[in-house]
>>> print(open('work34.pdb').read())   # PDB, C-alpha atoms
MODEL        1
ATOM      1  CA  MET A   1       0.000   0.000   0.000
ATOM      2  CA  SER A   2       1.526   3.336  -1.065
ATOM      3  CA  ILE A   3       1.879   6.215   1.389
ATOM      4  CA  LYS A   4      -0.347   8.393  -0.780
ATOM      5  CA  PHE A   5      -3.064   5.723  -0.875
ATOM      6  CA  PHE A   6      -2.787   5.188   2.897
ATOM      7  CA  LYS A   7      -3.063   8.921   3.515
ATOM      8  CA  SER A   8      -6.122   9.164   1.273
ATOM      9  CA  PHE A   9      -7.698   6.207   3.023
ATOM     10  CA  ILE A  10      -7.219   7.789   6.448
ATOM     11  CA  LEU A  11      -8.612  11.109   5.215
ATOM     12  CA  LEU A  12     -11.631   9.319   3.814
ATOM     13  CA  LEU A  13     -12.300   7.650   7.162
ATOM     14  CA  LEU A  14     -11.986  10.975   8.965
ATOM     15  CA  THR A  15     -14.341  12.618   6.508
ATOM     16  CA  VAL A  16     -16.927   9.870   6.945
ATOM     17  CA  VAL A  17     -16.776  10.381  10.722
ATOM     18  CA  ILE A  18     -17.181  14.142  10.356
ATOM     19  CA  PHE A  19     -20.106  13.792   7.970
ATOM     20  CA  ALA A  20     -21.800  11.226  10.151
ATOM     21  CA  GLY A  21     -21.518  13.503  13.165
ATOM     22  CA  CYS A  22     -23.092  16.353  11.258
ATOM     23  CA  GLY A  23     -26.273  14.452  10.448
ATOM     24  CA  SER A  24     -27.917  15.090   7.108
ATOM     25  CA  LYS A  25     -26.474  18.585   6.764
ATOM     26  CA  ILE A  26     -22.740  18.820   6.144
ATOM     27  CA  LYS A  27     -20.982  21.793   7.711
ATOM     28  CA  LYS A  28     -18.648  22.461   4.808
ATOM     29  CA  GLU A  29     -17.226  25.579   6.424
ATOM     30  CA  ILE A  30     -15.390  23.474   9.045
ATOM     31  CA  LEU A  31     -13.780  21.135   6.525
ATOM     32  CA  ASP A  32     -10.114  21.488   5.698
ATOM     33  CA  ALA A  33      -8.850  21.157   2.116
ATOM     34  CA  ASN A  34      -8.414  17.386   2.159
ATOM     35  CA  GLU A  35     -11.755  16.750   3.828
ATOM     36  CA  TYR A  36     -13.493  19.066   1.367
ATOM     37  CA  PHE A  37     -11.849  17.220  -1.519
ATOM     38  CA  GLU A  38     -13.066  13.865  -0.215
ATOM     39  CA  TYR A  39     -16.566  15.302   0.064
ATOM     40  CA  ALA A  40     -16.479  16.588  -3.527
ATOM     41  CA  LYS A  41     -14.916  13.343  -4.758
ATOM     42  CA  GLY A  42     -17.749  11.450  -3.105
ATOM     43  CA  LEU A  43     -20.250  13.431  -5.187
ATOM     44  CA  TYR A  44     -18.230  12.672  -8.313
ATOM     45  CA  ASP A  45     -18.109   8.959  -7.546
ATOM     46  CA  LYS A  46     -21.897   8.938  -7.126
ATOM     47  CA  GLY A  47     -22.333  10.498 -10.573
ATOM     48  CA  LYS A  48     -23.527  13.828  -9.181
ATOM     49  CA  TYR A  49     -21.372  15.757 -11.596
ATOM     50  CA  LEU A  50     -23.109  19.132 -11.386
ATOM     51  CA  ASP A  51     -22.774  19.165  -7.597
ATOM     52  CA  ALA A  52     -19.191  17.954  -7.913
ATOM     53  CA  ILE A  53     -18.397  20.795 -10.331
ATOM     54  CA  THR A  54     -19.606  23.317  -7.761
ATOM     55  CA  GLU A  55     -17.573  21.824  -4.932
ATOM     56  CA  PHE A  56     -14.365  21.274  -6.896
ATOM     57  CA  THR A  57     -14.606  24.903  -8.048
ATOM     58  CA  VAL A  58     -14.870  25.995  -4.402
ATOM     59  CA  ILE A  59     -11.756  24.004  -3.551
ATOM     60  CA  VAL A  60      -9.742  25.508  -6.406
ATOM     61  CA  LEU A  61     -10.715  29.018  -5.309
ATOM     62  CA  LYS A  62     -10.687  28.575  -1.537
ATOM     63  CA  PHE A  63      -7.630  26.345  -1.142
ATOM     64  CA  SER A  64      -5.494  27.573  -4.033
ATOM     65  CA  ALA A  65      -2.274  27.251  -2.030
ATOM     66  CA  ASP A  66      -2.977  23.723  -0.791
ATOM     67  CA  PRO A  67      -1.344  20.666  -2.421
ATOM     68  CA  VAL A  68      -4.801  19.172  -3.037
ATOM     69  CA  VAL A  69      -5.682  21.903  -5.539
ATOM     70  CA  ASP A  70      -4.327  20.048  -8.588
ATOM     71  CA  ASP A  71      -6.436  17.012  -7.646
ATOM     72  CA  ALA A  72      -9.468  19.272  -7.442
ATOM     73  CA  GLN A  73      -8.651  20.948 -10.755
ATOM     74  CA  PHE A  74      -8.304  17.596 -12.518
ATOM     75  CA  TYR A  75     -11.570  16.253 -11.141
ATOM     76  CA  LEU A  76     -13.284  19.509 -11.983
ATOM     77  CA  ALA A  77     -12.302  18.844 -15.585
ATOM     78  CA  GLN A  78     -13.368  15.212 -15.259
ATOM     79  CA  SER A  79     -16.766  16.257 -13.938
ATOM     80  CA  HIS A  80     -17.356  18.457 -16.980
ATOM     81  CA  PHE A  81     -16.224  15.603 -19.235
ATOM     82  CA  LYS A  82     -18.600  13.155 -17.552
ATOM     83  CA  ASN A  83     -21.349  15.754 -17.894
ATOM     84  CA  GLU A  84     -20.605  15.869 -21.670
ATOM     85  CA  GLU A  85     -19.468  19.500 -21.508
ATOM     86  CA  TYR A  86     -16.431  18.738 -23.606
ATOM     87  CA  LEU A  87     -15.224  22.226 -24.541
ATOM     88  CA  ILE A  88     -15.369  23.332 -20.916
ATOM     89  CA  ALA A  89     -13.567  20.126 -19.979
ATOM     90  CA  VAL A  90     -10.787  20.940 -22.457
ATOM     91  CA  SER A  91     -10.324  24.344 -20.837
ATOM     92  CA  GLU A  92     -10.181  22.833 -17.357
ATOM     93  CA  TYR A  93      -7.756  20.062 -18.371
ATOM     94  CA  GLN A  94      -5.541  22.717 -19.940
ATOM     95  CA  LYS A  95      -5.378  24.490 -16.589
ATOM     96  CA  VAL A  96      -3.991  21.301 -15.046
ATOM     97  CA  ILE A  97      -1.225  21.278 -17.667
ATOM     98  CA  THR A  98      -0.491  25.006 -17.522
ATOM     99  CA  ASP A  99      -0.983  25.818 -13.843
ATOM    100  CA  TYR A 100       0.296  22.578 -12.303
ATOM    101  CA  PRO A 101       3.024  21.282 -14.660
ATOM    102  CA  GLU A 102       4.482  19.033 -11.939
ATOM    103  CA  SER A 103       1.137  17.394 -11.188
ATOM    104  CA  PRO A 104       0.891  13.616 -11.705
ATOM    105  CA  TYR A 105      -2.356  14.336 -13.608
ATOM    106  CA  VAL A 106      -0.666  16.199 -16.476
ATOM    107  CA  GLU A 107      -0.234  13.176 -18.754
ATOM    108  CA  GLN A 108      -3.827  12.089 -18.220
ATOM    109  CA  ALA A 109      -5.012  15.652 -18.825
ATOM    110  CA  PHE A 110      -3.228  15.559 -22.215
ATOM    111  CA  TYR A 111      -5.039  12.334 -23.030
ATOM    112  CA  GLN A 112      -8.422  13.575 -21.824
ATOM    113  CA  ILE A 113      -8.197  16.663 -24.023
ATOM    114  CA  GLY A 114      -7.798  14.350 -27.004
ATOM    115  CA  LEU A 115     -10.800  12.312 -25.885
ATOM    116  CA  SER A 116     -12.847  15.481 -25.453
ATOM    117  CA  TYR A 117     -12.140  16.567 -29.023
ATOM    118  CA  SER A 118     -12.894  13.033 -30.234
ATOM    119  CA  GLU A 119     -16.294  13.213 -28.580
ATOM    120  CA  LEU A 120     -16.945  16.484 -30.417
ATOM    121  CA  SER A 121     -15.835  15.039 -33.758
ATOM    122  CA  GLN A 122     -18.730  14.840 -36.222
ATOM    123  CA  ARG A 123     -19.436  12.166 -38.811
ATOM    124  CA  TYR A 124     -17.103  12.301 -41.775
ATOM    125  CA  GLN A 125     -19.560  14.069 -44.118
ATOM    126  CA  LEU A 126     -19.518  17.151 -41.878
ATOM    127  CA  ASP A 127     -16.881  19.634 -40.703
ATOM    128  CA  GLN A 128     -13.805  17.910 -39.250
ATOM    129  CA  GLU A 129     -12.415  20.736 -37.084
ATOM    130  CA  TYR A 130     -12.527  18.715 -33.879
ATOM    131  CA  THR A 131     -11.278  15.573 -35.575
ATOM    132  CA  LEU A 132      -8.144  17.477 -36.567
ATOM    133  CA  LYS A 133      -7.768  18.915 -33.060
ATOM    134  CA  ALA A 134      -8.082  15.438 -31.558
ATOM    135  CA  LEU A 135      -5.507  14.130 -34.037
ATOM    136  CA  ARG A 136      -3.004  16.826 -33.124
ATOM    137  CA  GLN A 137      -3.593  16.334 -29.408
ATOM    138  CA  PHE A 138      -2.938  12.588 -29.512
ATOM    139  CA  GLN A 139       0.159  13.179 -31.657
ATOM    140  CA  ASN A 140       1.408  15.714 -29.098
ATOM    141  CA  LEU A 141       0.728  13.240 -26.295
ATOM    142  CA  ILE A 142       2.804  10.532 -27.970
ATOM    143  CA  GLU A 143       5.643  13.001 -28.621
ATOM    144  CA  ALA A 144       5.590  14.259 -25.033
ATOM    145  CA  TYR A 145       5.200  10.789 -23.471
ATOM    146  CA  PRO A 146       6.605   8.243 -25.950
ATOM    147  CA  ASP A 147       6.659   5.553 -23.259
ATOM    148  CA  GLY A 148       3.564   6.794 -21.441
ATOM    149  CA  GLN A 149       0.667   4.743 -20.174
ATOM    150  CA  TYR A 150      -1.738   6.201 -22.757
ATOM    151  CA  ARG A 151       0.420   5.645 -25.856
ATOM    152  CA  GLU A 152      -1.387   2.489 -27.013
ATOM    153  CA  ASP A 153      -4.835   4.025 -26.575
ATOM    154  CA  ALA A 154      -3.677   7.225 -28.296
ATOM    155  CA  GLU A 155      -2.417   5.238 -31.277
ATOM    156  CA  LYS A 156      -5.784   3.487 -31.590
ATOM    157  CA  GLN A 157      -7.508   6.848 -31.491
ATOM    158  CA  LEU A 158      -5.171   8.149 -34.193
ATOM    159  CA  THR A 159      -5.997   5.186 -36.426
ATOM    160  CA  ASP A 160      -9.736   5.829 -36.144
ATOM    161  CA  LEU A 161      -9.364   9.585 -36.624
ATOM    162  CA  ARG A 162      -7.206   9.161 -39.729
ATOM    163  CA  LYS A 163      -9.758   6.775 -41.225
ATOM    164  CA  LYS A 164     -12.447   9.406 -40.749
ATOM    165  CA  LEU A 165     -10.343  12.167 -42.301
ATOM    166  CA  ALA A 166      -9.519   9.901 -45.241
ATOM    167  CA  LYS A 167     -13.207   9.226 -45.842
ATOM    168  CA  LYS A 168     -13.844  12.988 -45.784
ATOM    169  CA  GLN A 169     -11.081  13.515 -48.352
ATOM    170  CA  LEU A 170     -12.407  10.709 -50.547
ATOM    171  CA  LEU A 171     -15.880  12.220 -50.420
ATOM    172  CA  GLY A 172     -14.536  15.536 -51.705
ATOM    173  CA  GLY A 173     -12.739  13.854 -54.576
ATOM    174  CA  ASN A 174     -15.774  11.831 -55.532
ATOM    175  CA  VAL A 175     -18.010  14.889 -55.562
ATOM    176  CA  TYR A 176     -15.735  16.679 -58.047
ATOM    177  CA  ARG A 177     -15.306  13.518 -60.132
ATOM    178  CA  LYS A 178     -19.063  13.010 -60.453
ATOM    179  CA  MET A 179     -19.348  16.660 -61.511
ATOM    180  CA  GLY A 180     -16.777  16.013 -64.229
ATOM    181  CA  ILE A 181     -14.209  18.341 -62.636
ATOM    182  CA  TYR A 182     -11.444  15.767 -62.798
ATOM    183  CA  ASP A 183      -8.480  18.075 -62.088
ATOM    184  CA  SER A 184      -9.959  19.040 -58.713
ATOM    185  CA  ALA A 185     -10.876  15.435 -57.973
ATOM    186  CA  ILE A 186      -7.265  14.369 -58.527
ATOM    187  CA  ILE A 187      -6.055  17.000 -56.050
ATOM    188  CA  TYR A 188      -8.273  15.478 -53.357
ATOM    189  CA  TYR A 189      -7.200  11.941 -54.204
ATOM    190  CA  ASP A 190      -3.519  12.919 -54.155
ATOM    191  CA  ILE A 191      -3.820  14.474 -50.684
ATOM    192  CA  LEU A 192      -5.516  11.330 -49.427
ATOM    193  CA  LEU A 193      -2.832   9.086 -50.936
ATOM    194  CA  GLU A 194      -0.101  11.226 -49.402
ATOM    195  CA  LYS A 195      -1.525  11.681 -45.898
ATOM    196  CA  TYR A 196      -3.739   8.626 -45.409
ATOM    197  CA  TYR A 197      -2.070   6.027 -47.629
ATOM    198  CA  ASP A 198      -2.518   3.307 -44.994
ATOM    199  CA  THR A 199      -6.294   3.692 -44.598
ATOM    200  CA  PRO A 200      -9.014   1.680 -46.377
ATOM    201  CA  SER A 201      -9.947   4.776 -48.415
ATOM    202  CA  ALA A 202      -6.564   4.743 -50.169
ATOM    203  CA  GLU A 203      -7.673   1.879 -52.414
ATOM    204  CA  GLU A 204     -10.672   3.827 -53.683
ATOM    205  CA  ALA A 205      -8.622   7.003 -54.061
ATOM    206  CA  LEU A 206      -5.982   5.357 -56.234
ATOM    207  CA  TYR A 207      -8.569   3.717 -58.477
ATOM    208  CA  TRP A 208     -10.664   6.846 -58.980
ATOM    209  CA  LYS A 209      -7.553   8.960 -59.500
ATOM    210  CA  SER A 210      -6.624   6.579 -62.324
ATOM    211  CA  VAL A 211     -10.119   6.881 -63.785
ATOM    212  CA  SER A 212      -9.958  10.681 -63.575
ATOM    213  CA  LEU A 213      -6.636  10.709 -65.409
ATOM    214  CA  PHE A 214      -8.175   8.469 -68.065
ATOM    215  CA  LYS A 215     -11.126  10.869 -68.421
ATOM    216  CA  LEU A 216      -8.657  13.734 -68.907
ATOM    217  CA  LYS A 217      -6.988  11.640 -71.647
ATOM    218  CA  ASN A 218      -3.761  11.697 -69.685
ATOM    219  CA  PHE A 219      -3.191   8.103 -70.757
ATOM    220  CA  ASN A 220       0.449   7.755 -69.712
ATOM    221  CA  ASP A 221      -0.229   8.748 -66.099
ATOM    222  CA  ALA A 222      -3.485   6.775 -66.122
ATOM    223  CA  LEU A 223      -1.600   3.656 -67.225
ATOM    224  CA  THR A 224       0.995   4.155 -64.497
ATOM    225  CA  ASN A 225      -1.662   4.559 -61.824
ATOM    226  CA  PHE A 226      -3.855   1.670 -62.973
ATOM    227  CA  THR A 227      -0.775  -0.560 -63.013
ATOM    228  CA  ALA A 228       0.205   0.571 -59.498
ATOM    229  CA  PHE A 229      -3.369  -0.032 -58.380
ATOM    230  CA  LEU A 230      -3.362  -3.650 -59.599
ATOM    231  CA  GLU A 231       0.009  -4.309 -58.019
ATOM    232  CA  LYS A 232      -1.154  -3.021 -54.651
ATOM    233  CA  TYR A 233      -4.769  -4.222 -54.707
ATOM    234  CA  PRO A 234      -4.893  -7.300 -56.986
ATOM    235  CA  LYS A 235      -8.101  -8.570 -55.338
ATOM    236  CA  SER A 236      -9.957  -5.269 -55.378
ATOM    237  CA  LYS A 237     -13.542  -5.108 -56.609
ATOM    238  CA  HIS A 238     -12.191  -2.638 -59.197
ATOM    239  CA  ALA A 239      -9.411  -4.939 -60.415
ATOM    240  CA  GLU A 240     -11.223  -6.166 -63.531
ATOM    241  CA  GLU A 241     -12.242  -2.642 -64.501
ATOM    242  CA  ALA A 242      -8.625  -1.509 -64.051
ATOM    243  CA  ARG A 243      -7.403  -4.298 -66.367
ATOM    244  CA  THR A 244      -9.970  -3.268 -68.963
ATOM    245  CA  LYS A 245      -8.819   0.342 -68.824
ATOM    246  CA  ILE A 246      -5.177  -0.752 -69.170
ATOM    247  CA  SER A 247      -6.087  -2.712 -72.303
ATOM    248  CA  GLU A 248      -7.925   0.310 -73.705
ATOM    249  CA  ILE A 249      -4.933   2.550 -73.067
ATOM    250  CA  GLN A 250      -2.534   0.093 -74.640
ATOM    251  CA  ASP A 251      -4.792  -0.170 -77.700
ATOM    252  CA  LYS A 252      -4.914   3.629 -77.961
ATOM    253  CA  LYS A 253      -1.135   3.884 -77.696
ATOM    254  CA  LEU A 254      -0.707   1.154 -80.324
ATOM    255  CA  ASN A 255      -3.166   2.852 -82.680
ATOM    256  CA  ALA A 256      -1.433   6.185 -82.202
ATOM    257  CA  PHE A 257       1.923   4.546 -82.949
ATOM    258  CA  ASN A 258       0.585   2.889 -86.104
ATOM    259  CA  GLU A 259      -0.915   6.154 -87.326
ATOM    260  CA  ALA A 260       2.387   7.892 -86.782
ATOM    261  CA  GLU A 261       4.180   5.219 -88.761
ATOM    262  CA  VAL A 262       1.737   5.588 -91.639
ATOM    263  CA  ASN A 263       2.109   9.358 -91.692
ATOM    264  CA  ASN A 264       5.859   9.028 -91.774
TER     265      ASN A 264
ENDMDL
END
>>> encode(input="work34.pdb", output="structure tokens")
Amino acid sequence: MSIKFFKSFILLLLTVVIFAGCGSKIKKEILDANEYFEYAKGLYDKGKYLDAITEFTVIVLKFSADPVVDDAQFYLAQSHFKNEEYLIAVSEYQKVITDYPESPYVEQAFYQIGLSYSELSQRYQLDQEYTLKALRQFQNLIEAYPDGQYREDAEKQLTDLRKKLAKKQLLGGNVYRKMGIYDSAIIYYDILLEKYYDTPSAEEALYWKSVSLFKLKNFNDALTNFTAFLEKYPKSKHAEEARTKISEIQDKKLNAFNEAEVNN
């Protein structure tokens, strides 16, 4: 049993005794910082997050010089997170990082900010502002704590976030392609293939980029991309269509060569 855990356990017992002696009404004005924290933490543990927010705020303001204040600040942020007030939670977690840089809660606060932004992230068809913020936060966490306890979870979050951003990018490319604006479609597909090459959307992006090049009659680049597509995704649902397009391009190149020979 750690000293910190033992100390917390003793404080909890003392707080229970104090509260029991006060009957149904707790005399909060007589509580010291640690006792007040245990009272607020009890509300949090019971899921009474609004009440916990009030009491943790009191602790932060009333006992600002006490060592328990960083605990209170972290659980204030946690209470907002549990209450699904994610932007407020982000602000409160940031205070843990900025105001109490030596606190043992700093690493978790980094992680919780990422989770808060992830919760705010909308489905891929909509604006991805918070998806990008979550992505950056988890990347910063891994850079700051490469061997940290949240690295594995952060990497899983990054995988899911990148998949969503790739789907958003693919959607943009497909919209322009269906409108016949193939140059713009290719720009979207290229960004996807550069940034999110390891996501499921990369397969679709490479195929439709090849098709767009074909539509623009850029047959040399189309041939290169269709060939790369078949090499990378030989079992794709688009594989047969890609082979057909390659045959068409080769026929066109052969016809063009023959015509040139005749003219010469």
>>> residues_near_point(input="work34.pdb", point="(-21.3, 13.8, -10.6)", cutoff="12 Å", atoms="all atoms listed in the file", output="list in words")
Tyr39, Ala40, Lys41, Gly42, Leu43, Tyr44, Asp45, Lys46, Gly47, Lys48, Tyr49, Leu50, Asp51, Ala52, Ile53, Thr54, Glu55, Phe56, Tyr75, Leu76, Ala77, Gln78, Ser79, His80, Phe81, Lys82, Asn83 and Glu84 of chain A
>>> residues_around(input="work34.pdb", residues="Glu152 in chain A", least_positions_apart="3", cutoff="12 Å", atoms="only C-alpha atoms", output="VMD selection string")
chain A and resid 111 138 to 139 141 to 142 145 to 149 155 to 159
>>> closest_residue(input="work34.pdb", among="A:Ile30, A:Val96, A:Leu206, A:Ser212", to="Val60 in chain A", atoms="all atoms listed in the file")
A:Val96
>>> closest_atom_pairs(input="work34.pdb", of="range 95-202 of chain A", to="range 223-239 of chain A", cutoff="12 Å", atoms="all atoms listed in the file", output="CSV")
residue,atom,partner,partner_atom,distance
A:Ile186,CA,A:Asn225,CA,11.8
A:Tyr189,CA,A:Asn225,CA,12.0
A:Asp190,CA,A:Asn225,CA,11.5
A:Leu193,CA,A:Phe229,CA,11.8
A:Tyr197,CA,A:Lys232,CA,11.5
A:Asp198,CA,A:Lys232,CA,11.6
A:Pro200,CA,A:Tyr233,CA,11.1
A:Ala202,CA,A:Phe229,CA,10.0
>>> atom_distance(input="work34.pdb", atom1="CA of Lys164 in chain A", atom2="CA of Lys133 in chain A")
13.1 Å
>>> atom_distance(input="work34.pdb", atom1="CA of Ser201 in chain A", atom2="CA of Tyr86 in chain A")
29.2 Å
>>> closest_residue(input="work34.pdb", among="A:Val68, A:Ile113, A:Ile26, A:Val175", to="Asn140 in chain A", atoms="all atoms listed in the file")
A:Ile113
>>> atom_distance(input="work34.pdb", atom1="CA of Ser118 in chain A", atom2="CA of Ala205 in chain A")
24.9 Å
>>> build_atoms(input="work34.pdb", residues="range 213-233 of chain A", atoms="N, CA and C atoms", output="PDB file, in the frame of the given file")
ATOM      1  N   LEU A 213      -7.705  10.470 -64.443  1.00  0.00           N
ATOM      2  CA  LEU A 213      -6.636  10.709 -65.409  1.00  0.00           C
ATOM      3  C   LEU A 213      -7.034  10.190 -66.792  1.00  0.00           C
ATOM      4  N   PHE A 214      -7.699   9.049 -66.804  1.00  0.00           N
ATOM      5  CA  PHE A 214      -8.175   8.469 -68.065  1.00  0.00           C
ATOM      6  C   PHE A 214      -9.192   9.406 -68.719  1.00  0.00           C
ATOM      7  N   LYS A 215     -10.108   9.952 -67.897  1.00  0.00           N
ATOM      8  CA  LYS A 215     -11.126  10.869 -68.421  1.00  0.00           C
ATOM      9  C   LYS A 215     -10.494  12.136 -69.000  1.00  0.00           C
ATOM     10  N   LEU A 216      -9.363  12.554 -68.420  1.00  0.00           N
ATOM     11  CA  LEU A 216      -8.657  13.734 -68.907  1.00  0.00           C
ATOM     12  C   LEU A 216      -7.773  13.400 -70.111  1.00  0.00           C
ATOM     13  N   LYS A 217      -7.802  12.134 -70.525  1.00  0.00           N
ATOM     14  CA  LYS A 217      -6.988  11.640 -71.647  1.00  0.00           C
ATOM     15  C   LYS A 217      -5.490  11.764 -71.380  1.00  0.00           C
ATOM     16  N   ASN A 218      -5.165  11.744 -70.095  1.00  0.00           N
ATOM     17  CA  ASN A 218      -3.761  11.697 -69.685  1.00  0.00           C
ATOM     18  C   ASN A 218      -3.390  10.219 -69.561  1.00  0.00           C
ATOM     19  N   PHE A 219      -3.254   9.568 -70.724  1.00  0.00           N
ATOM     20  CA  PHE A 219      -3.191   8.103 -70.757  1.00  0.00           C
ATOM     21  C   PHE A 219      -1.899   7.547 -70.154  1.00  0.00           C
ATOM     22  N   ASN A 220      -0.808   8.256 -70.283  1.00  0.00           N
ATOM     23  CA  ASN A 220       0.449   7.755 -69.712  1.00  0.00           C
ATOM     24  C   ASN A 220       0.368   7.664 -68.190  1.00  0.00           C
ATOM     25  N   ASP A 221      -0.092   8.763 -67.564  1.00  0.00           N
ATOM     26  CA  ASP A 221      -0.229   8.748 -66.099  1.00  0.00           C
ATOM     27  C   ASP A 221      -1.335   7.793 -65.659  1.00  0.00           C
ATOM     28  N   ALA A 222      -2.398   7.707 -66.456  1.00  0.00           N
ATOM     29  CA  ALA A 222      -3.485   6.775 -66.122  1.00  0.00           C
ATOM     30  C   ALA A 222      -2.967   5.339 -66.127  1.00  0.00           C
ATOM     31  N   LEU A 223      -2.168   5.001 -67.138  1.00  0.00           N
ATOM     32  CA  LEU A 223      -1.600   3.656 -67.225  1.00  0.00           C
ATOM     33  C   LEU A 223      -0.712   3.363 -66.021  1.00  0.00           C
ATOM     34  N   THR A 224       0.108   4.327 -65.660  1.00  0.00           N
ATOM     35  CA  THR A 224       0.995   4.155 -64.497  1.00  0.00           C
ATOM     36  C   THR A 224       0.199   3.906 -63.226  1.00  0.00           C
ATOM     37  N   ASN A 225      -0.872   4.671 -63.052  1.00  0.00           N
ATOM     38  CA  ASN A 225      -1.662   4.559 -61.824  1.00  0.00           C
ATOM     39  C   ASN A 225      -2.518   3.302 -61.802  1.00  0.00           C
ATOM     40  N   PHE A 226      -3.097   2.927 -62.936  1.00  0.00           N
ATOM     41  CA  PHE A 226      -3.855   1.670 -62.973  1.00  0.00           C
ATOM     42  C   PHE A 226      -2.940   0.478 -62.689  1.00  0.00           C
ATOM     43  N   THR A 227      -1.731   0.521 -63.247  1.00  0.00           N
ATOM     44  CA  THR A 227      -0.775  -0.560 -63.013  1.00  0.00           C
ATOM     45  C   THR A 227      -0.385  -0.642 -61.541  1.00  0.00           C
ATOM     46  N   ALA A 228      -0.134   0.532 -60.925  1.00  0.00           N
ATOM     47  CA  ALA A 228       0.205   0.571 -59.498  1.00  0.00           C
ATOM     48  C   ALA A 228      -0.962   0.060 -58.653  1.00  0.00           C
ATOM     49  N   PHE A 229      -2.175   0.403 -59.100  1.00  0.00           N
ATOM     50  CA  PHE A 229      -3.369  -0.032 -58.380  1.00  0.00           C
ATOM     51  C   PHE A 229      -3.460  -1.562 -58.367  1.00  0.00           C
ATOM     52  N   LEU A 230      -3.269  -2.188 -59.511  1.00  0.00           N
ATOM     53  CA  LEU A 230      -3.362  -3.650 -59.599  1.00  0.00           C
ATOM     54  C   LEU A 230      -2.255  -4.345 -58.816  1.00  0.00           C
ATOM     55  N   GLU A 231      -1.090  -3.731 -58.786  1.00  0.00           N
ATOM     56  CA  GLU A 231       0.009  -4.309 -58.019  1.00  0.00           C
ATOM     57  C   GLU A 231      -0.285  -4.274 -56.516  1.00  0.00           C
ATOM     58  N   LYS A 232      -0.904  -3.185 -56.086  1.00  0.00           N
ATOM     59  CA  LYS A 232      -1.154  -3.021 -54.651  1.00  0.00           C
ATOM     60  C   LYS A 232      -2.457  -3.678 -54.204  1.00  0.00           C
ATOM     61  N   TYR A 233      -3.459  -3.675 -55.081  1.00  0.00           N
ATOM     62  CA  TYR A 233      -4.769  -4.222 -54.707  1.00  0.00           C
ATOM     63  C   TYR A 233      -5.245  -5.231 -55.765  1.00  0.00           C
TER      64      TYR A 233
END
